[in-house]
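First up is the structure itself, then whatever we jot down about it.
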2 protein chains.
Amino acid sequence: MAGESKIEIVIAVIAVIFFILGVYLNKKSLHSEKPSDNEIDQSQIDAIGLSKREYEVLIQIHKGFSNKEIAEHLFLSESTIKTHVSNILVKLDAKRRTQAIQKAKALQILPS
Amino acid sequence: MAGESKIEIVIAVIAVIFFILGVYLNKKSLHSEKPSDNEIDQSQIDAIGLSKREYEVLIQIHKGFSNKEIAEHLFLSESTIKTHVSNILVKLDAKRRTQAIQKAKALQILPS
DNA sequence: AGCGTTTTGGTACTTTAGTATGAGTATTTG
DNA sequence: CAAATACTCATACTAAAGTACCAAAACGCT
């Protein structure tokens, strides 16, 4: 009786340990399987040659602001914003700001 | 010796079973935890009074197309698209199409 | 200090977006 | 069927976006 109980306890402990291990490892793998969504890929930003300022403007575009509003937010003139936007469009190979948003998302440089 | 082996095998089997159980249950719970994202809320579309056509145009806007391109895709005139876009902006309380995209996402009527 | 890139900004221009208004044609629904 | 709603399209306009070109100031790095 005493021996049997010991074995059962050992089995129970083993069961719990491996159950937790299973949950833990699974959670870890799921976490590393898809960092694809919502993560910003800095290497892509560098790859297409987007400057710091240009990226800031891109984020403002993404949020739906006009050139004038972006200028106010960043304390710049609208001319400067237009220059940045034009450069962003060239680097993202986009014809419009809405298309730039799409391409930026595809490149993981903007949150989806 | 023979008895000990049996016990070890039993423990090993128990361990494997509970390990798999842990992985399985964890995967199941993670799957049911967040189906929240990326789902389109039809009730919201109705709530703001977006018509079928208007919603189709909104999707095209979201994809980054110009009014002219949208007109071609839906076999309509650019004038018609402009009318739809204007109505969409009013219903979404947006000043620009980029802002409309943002608001539409917030309302879950466009995929994030 | 000097060089290259970035950032800033201007002018002038073209294109796209968006508004206002009106109106004819479906489509649906009481 | 009649009325309301949705869909279509046009004209004329204003506003915003985008392009092209130039140039000075600011940074970063060697």
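Residues are referred to by chain and number: the chain letter is A, B, ... according to the order shown in the structure tokens, the number counts from 1 in that chain, and ligands are numbered separately from 1 in the order shown.
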
Chain D contacts to chain B at 8 Å (only C-alpha atoms (C1' of nucleotides)) as a count of residues only:
4

Write down, as a ChimeraX atom specification, each residue of chain C that has any atom within 12 Å of an atom of chain B, counting only C-alpha atoms (C1' of nucleotides).
/C:15-21
